[in-house]
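Heads up, the thing below is written out as structure tokens.
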2 protein chains.
Amino acid sequence: MPLPPGISARDFQTVLRQFEGVVGKDWVFSSDEDVELYRDSYSPFWHEPEDPMPSAAVAPESVEQVQQIVRIANKYRVPLWTVSTGKNLAYGGSAPRLSGSVVLDLKRMNRILEVNDRNHYALVEPGVSYFDLYRYTQEKGLNVFIDAPDPGWGSPVGNTLDRGGGHTPLRDHFSTLCGLEVVLANGDVVRTGMGALPNARTWQQYKYGFGPYVDGIFTQSNYGIITKMGVWLYPMPEMRFTGTVSVPKHDDLIPMVDTLSYLMNSNIVQGTTRVANSLTAQARDAELIALRSKPGGASIPELEDYLRRKNLPYWSIDLPFYGPTEVVPAQWAFAKRKFSAIGGVQFRDGVSNRLPPTPEDLAKVANPVPLGVPSLAIFSALGPNSYGHIDVSPITPMTGQAVFEVMEVFEKVLQEMGIDNVGVVPAGTYYPRSFFFLFTFQIEHDVEKNRKMRAAFQRLVQVGAEHGWGEYRTHLAFMDDVANTYSFNNHALLRLHETLKDALDPNGILSPGKSGIWPKHMRKARA
Amino acid sequence: MPLPPGISARDFQTVLRQFEGVVGKDWVFSSDEDVELYRDSYSPFWHEPEDPMPSAAVAPESVEQVQQIVRIANKYRVPLWTVSTGKNLAYGGSAPRLSGSVVLDLKRMNRILEVNDRNHYALVEPGVSYFDLYRYTQEKGLNVFIDAPDPGWGSPVGNTLDRGGGHTPLRDHFSTLCGLEVVLANGDVVRTGMGALPNARTWQQYKYGFGPYVDGIFTQSNYGIITKMGVWLYPMPEMRFTGTVSVPKHDDLIPMVDTLSYLMNSNIVQGTTRVANSLTAQARDAELIALRSKPGGASIPELEDYLRRKNLPYWSIDLPFYGPTEVVPAQWAFAKRKFSAIGGVQFRDGVSNRLPPTPEDLAKVANPVPLGVPSLAIFSALGPNSYGHIDVSPITPMTGQAVFEVMEVFEKVLQEMGIDNVGVVPAGTYYPRSFFFLFTFQIEHDVEKNRKMRAAFQRLVQVGAEHGWGEYRTHLAFMDDVANTYSFNNHALLRLHETLKDALDPNGILSPGKSGIWPKHMRKARA
């Protein structure tokens, strides 16, 4: 494994010995076989020299140990790459952006410090997984509902700091963050928000504290190491229900999404949903293939006619409702009233679950995550032959027109580049007020395929940005590409990020390169 | 009027001439009678040497002019104190923290750049008031609902940057902020979030962008000058309804608040409410006075008995519901079901309003703000003899116990200090997940009274902090006091704030002293 850049083998041995002095010999990993485990198995650079390799890993169990590690790293200028549970698949796993970084693995810091079901929050350390948190609430019989991302082995801290999302009313995870404890690059410990009061009583109940509200700068960033985080939980709702809305015509999507926007922005529909197009499910139907392959392709009226004959809608959306047994039916009734303005709209009642789900309920569902139960079901849903993947995931306006435009523009690029194995998850509502698309590329351990894939990925990022659709998060390999698209006023925002970096971490020891932010001495000249 | 600290009269004249070169002679104010208007009429230091005096004011009309002013200020080290509409009453109005600062008055930058009622947001400049925004939506017939703070003459930008609050579902104003344009101390212009994409399409629809999310650091801060801000609006709801819940016994408050917490954290009750105690309204009743003045005072059973005989509840809460006509009655039905676990609970249907309100509806209400209509009605509600006021406003847990404890602790302090004219607004829900109290002190132009009042104010801040209840915002005069209570780990958060200040504004020209953050050369040694 490589050495940290600019560090001699001898100095590095000194650093490792000092780390051992802090955490004990068992918790410093430097053999090739140990360090190998911190690589990204789904790296788009596998077998290529750019694939980032950690130099070692160190796993502290307390805030004080983190402080000591940071002070040693600062003294020797050793870059640390912090992970919580290290499950950040599709974004780099536990691998660093910069080869030679020491992975600071926080998975031993896995204490659940408090879960409160009167005011609905938790205070957790970085190594606590969604599974841990769920188990804890079950064991204590707490009346809270957990919003987990698709796989539940990751951690609330890691996912929230990466601004990930889930499926239920509190799915925008950054919006649930309430109070941080941060170790700065100089080893200082800061508590944010109300945690800065020595006898804080509302650290997890009021986000902002007094003066500048700093929590956001510690997300998707390399400005500090989070050692505790508050997270808001949802009070256990009485039920979840989904109702499906379907419309017959292509252009019906426009009023359909306007109504969805009204319902979501009013907190009436509170969970994640996505726009489904029946043509996607029918893609292998012979008649549809024939229709599409005639000269000039299929017109919209022809496609509408085809779907009508198959008794299929053009578009459909499953609306998830969470709430009391009196309220959910009323919300669905209102949704039907609003959508009824669209001619030919159809409604279908979907599944209804009392919450918390019983073991019998859980046995019946393919994926329990929307019912508040963390799971790894997503991996079986992807199929036995599934590989790793990485995603182009632009944020777009929540309008029908945006859906038409994104699909047209991106499909054209993929066609031109001869890419035909991209999975598409169109127009999801992981975040409030906007749509979120996923264009999913498979990762294989095949250098040629990966090169082609990377070129297509970069092109989609670029074309998306030209249209004003930006990426919300990305894999290590594309962090510079994505950061560079946010270039208003000659990269003013990136310059601001760099100013903060230089002030908070002048030696650049914390996660160099994260989100395109490099320490001063590694910064490349910008065009 | 004073000069800026350390600036000669001659240099200051040069600066003013240069400002005139940027904005024109009409928009630089330096005569005593003009500058007098920027003082805080409700200053707790009126007639005392500590009362902060501006040296002059300058009113640009564009971002470019703001940039030029900042560059001039930087060159001559002239402190600027930025205000938007300058209506920040109770917190300092348009007066600076530091005497001799030049007020940078942004009220001419009052363009409404966009209001979108498909995705429910606005993009506004700092000088736009809530009245302006409301008028605009009325003229264009837009289907959006505005959450204004009590007086509507302030601006969304100013109120949001101070993390103020309103009364309707989007009452936590920081949570509605989506995208900033900021002029930094060096004159650079940054757009945050998706605004950093040159062709941004979701600047007002997705908050976070890519990399560190910086918006929070520009609130309650002196790190930059906001020249544009996105704000989320609520889709026009169909109706508002309030229902009142009342309980007979002192200790009923505990389950009552637990149920309120469930309802609010579930987004079922979405507006501002507060806990009311019938003893407050009865404070001048002879029987109650007699009961309380007997040796040892009134016991809780005696007070309960007194209220029962008067047919009054011990506690009551008005629950505001916003939503569709099917949903609101179902929410109220559910609320009643939940509260019914408390023995002796009573319910009363309150007012019901279709939204938007008609002129006839508006004629009937004392204060239209909860109906989405900005107003100055609050000033008449305060009464014709009302004076200015400033508030101690601690954030506490949303529990009944916290209400008991805060009232007991604060009343004791006030009694000990001989203060009997403090208004109390207990346990309001301006912010999600926590309670907010107001202890309101009258400001008079009487030096002795103000001295006594300031001592009591500081004592309440101190005692609150010792109990873990922190202030969310404060008047200029108490910013250092409040910042000093957030002292965990030897003021680590304040040191972080100062590190950011030094990086972003090394000459300390932006709003010195705001939220207790001083430029390096003005920083006092901390104990």
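By order in the structure tokens, chains are A, B, ...; within a chain, residues start at 1; ligands start at 1, following the order shown.
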Just want the 12 Å neighbourhood of Met194 of chain A, counted on only C-alpha atoms, with same-chain residues fewer than 4 positions away dropped. Output as a VMD selection string.
(chain A and resid 178 to 181 190 198 to 211 213 to 215 230) or (chain B and resid 394 to 397 434 465 468 to 472 482 to 483 485 to 488 493)
So what do you get for atom CA of Ala477 of chain A versus atom CA of Ser393 of chain A, distance-wise?
14.5 Å
Taking only C-alpha atoms into account, which of B:Gly400, B:Pro49, B:Gly296, B:Pro432 comes nearest chain A?
B:Pro432
DSSP on the backbone: which residues in segment 64-280 of chain A end up as strand (DSSP E)? Give the answer as a PDB file with C-alpha atoms, in the first residue's frame.
```pdb
ATOM      1  CA  LEU A  80      -6.912  11.326   7.383  1.00  0.00           C
ATOM      2  CA  TRP A  81     -10.008  10.101   5.537  1.00  0.00           C
ATOM      3  CA  THR A  82     -12.893   9.787   7.979  1.00  0.00           C
ATOM      4  CA  VAL A  83     -15.610   7.143   7.648  1.00  0.00           C
ATOM      5  CA  VAL A 102      -5.055   6.965   6.559  1.00  0.00           C
ATOM      6  CA  VAL A 103      -8.655   5.875   6.981  1.00  0.00           C
ATOM      7  CA  LEU A 104     -10.011   7.166  10.292  1.00  0.00           C
ATOM      8  CA  ASP A 105     -12.567   4.462  10.956  1.00  0.00           C
ATOM      9  CA  ILE A 112     -26.573   5.404  21.313  1.00  0.00           C
ATOM     10  CA  LEU A 113     -26.472   8.151  23.900  1.00  0.00           C
ATOM     11  CA  GLU A 114     -30.169   8.946  24.033  1.00  0.00           C
ATOM     12  CA  VAL A 115     -33.419   8.194  22.281  1.00  0.00           C
ATOM     13  CA  ASN A 116     -36.330  10.321  23.430  1.00  0.00           C
ATOM     14  CA  TYR A 121     -34.956  12.463  18.687  1.00  0.00           C
ATOM     15  CA  ALA A 122     -31.752  10.509  19.138  1.00  0.00           C
ATOM     16  CA  LEU A 123     -28.172  11.431  20.002  1.00  0.00           C
ATOM     17  CA  VAL A 124     -25.745   9.001  18.390  1.00  0.00           C
ATOM     18  CA  VAL A 144     -40.493   6.553  17.302  1.00  0.00           C
ATOM     19  CA  PHE A 145     -40.298   5.831  13.592  1.00  0.00           C
ATOM     20  CA  LEU A 177     -29.865  16.997  11.879  1.00  0.00           C
ATOM     21  CA  CYS A 178     -30.026  18.759  15.254  1.00  0.00           C
ATOM     22  CA  GLY A 179     -26.753  19.442  17.012  1.00  0.00           C
ATOM     23  CA  LEU A 180     -23.212  18.268  16.342  1.00  0.00           C
ATOM     24  CA  GLU A 181     -20.072  17.562  18.300  1.00  0.00           C
ATOM     25  CA  VAL A 182     -17.095  18.213  16.042  1.00  0.00           C
ATOM     26  CA  VAL A 183     -13.366  17.650  16.435  1.00  0.00           C
ATOM     27  CA  VAL A 189     -13.925  19.977  20.327  1.00  0.00           C
ATOM     28  CA  VAL A 190     -16.897  22.148  19.418  1.00  0.00           C
ATOM     29  CA  ARG A 191     -20.565  21.541  20.144  1.00  0.00           C
ATOM     30  CA  ILE A 225     -14.751  15.139  12.295  1.00  0.00           C
ATOM     31  CA  ILE A 226     -18.219  14.569  13.703  1.00  0.00           C
ATOM     32  CA  THR A 227     -18.170  12.575  16.928  1.00  0.00           C
ATOM     33  CA  LYS A 228     -21.806  13.023  18.023  1.00  0.00           C
ATOM     34  CA  MET A 229     -24.940  13.997  16.139  1.00  0.00           C
ATOM     35  CA  GLY A 230     -28.514  14.696  17.065  1.00  0.00           C
ATOM     36  CA  VAL A 231     -31.189  13.440  14.700  1.00  0.00           C
ATOM     37  CA  TRP A 232     -34.915  14.093  14.756  1.00  0.00           C
ATOM     38  CA  TYR A 234     -40.764  10.920  13.521  1.00  0.00           C
ATOM     39  CA  PRO A 235     -43.381  10.089  16.122  1.00  0.00           C
ATOM     40  CA  MET A 239     -50.644   3.881   9.498  1.00  0.00           C
ATOM     41  CA  ARG A 240     -49.133   4.030   6.056  1.00  0.00           C
ATOM     42  CA  PHE A 241     -51.235   3.821   2.921  1.00  0.00           C
ATOM     43  CA  THR A 242     -50.390   4.145  -0.740  1.00  0.00           C
ATOM     44  CA  GLY A 243     -52.828   5.141  -3.445  1.00  0.00           C
ATOM     45  CA  THR A 244     -51.982   5.054  -7.152  1.00  0.00           C
ATOM     46  CA  VAL A 245     -52.890   7.825  -9.565  1.00  0.00           C
ATOM     47  CA  SER A 246     -52.738   7.072 -13.319  1.00  0.00           C
ATOM     48  CA  VAL A 247     -53.248   9.277 -16.337  1.00  0.00           C
ATOM     49  CA  VAL A 275     -43.066   9.063 -11.637  1.00  0.00           C
ATOM     50  CA  ALA A 276     -43.570   5.767 -13.507  1.00  0.00           C
ATOM     51  CA  ASN A 277     -44.018   5.462 -17.257  1.00  0.00           C
TER      52      ASN A 277
END
```
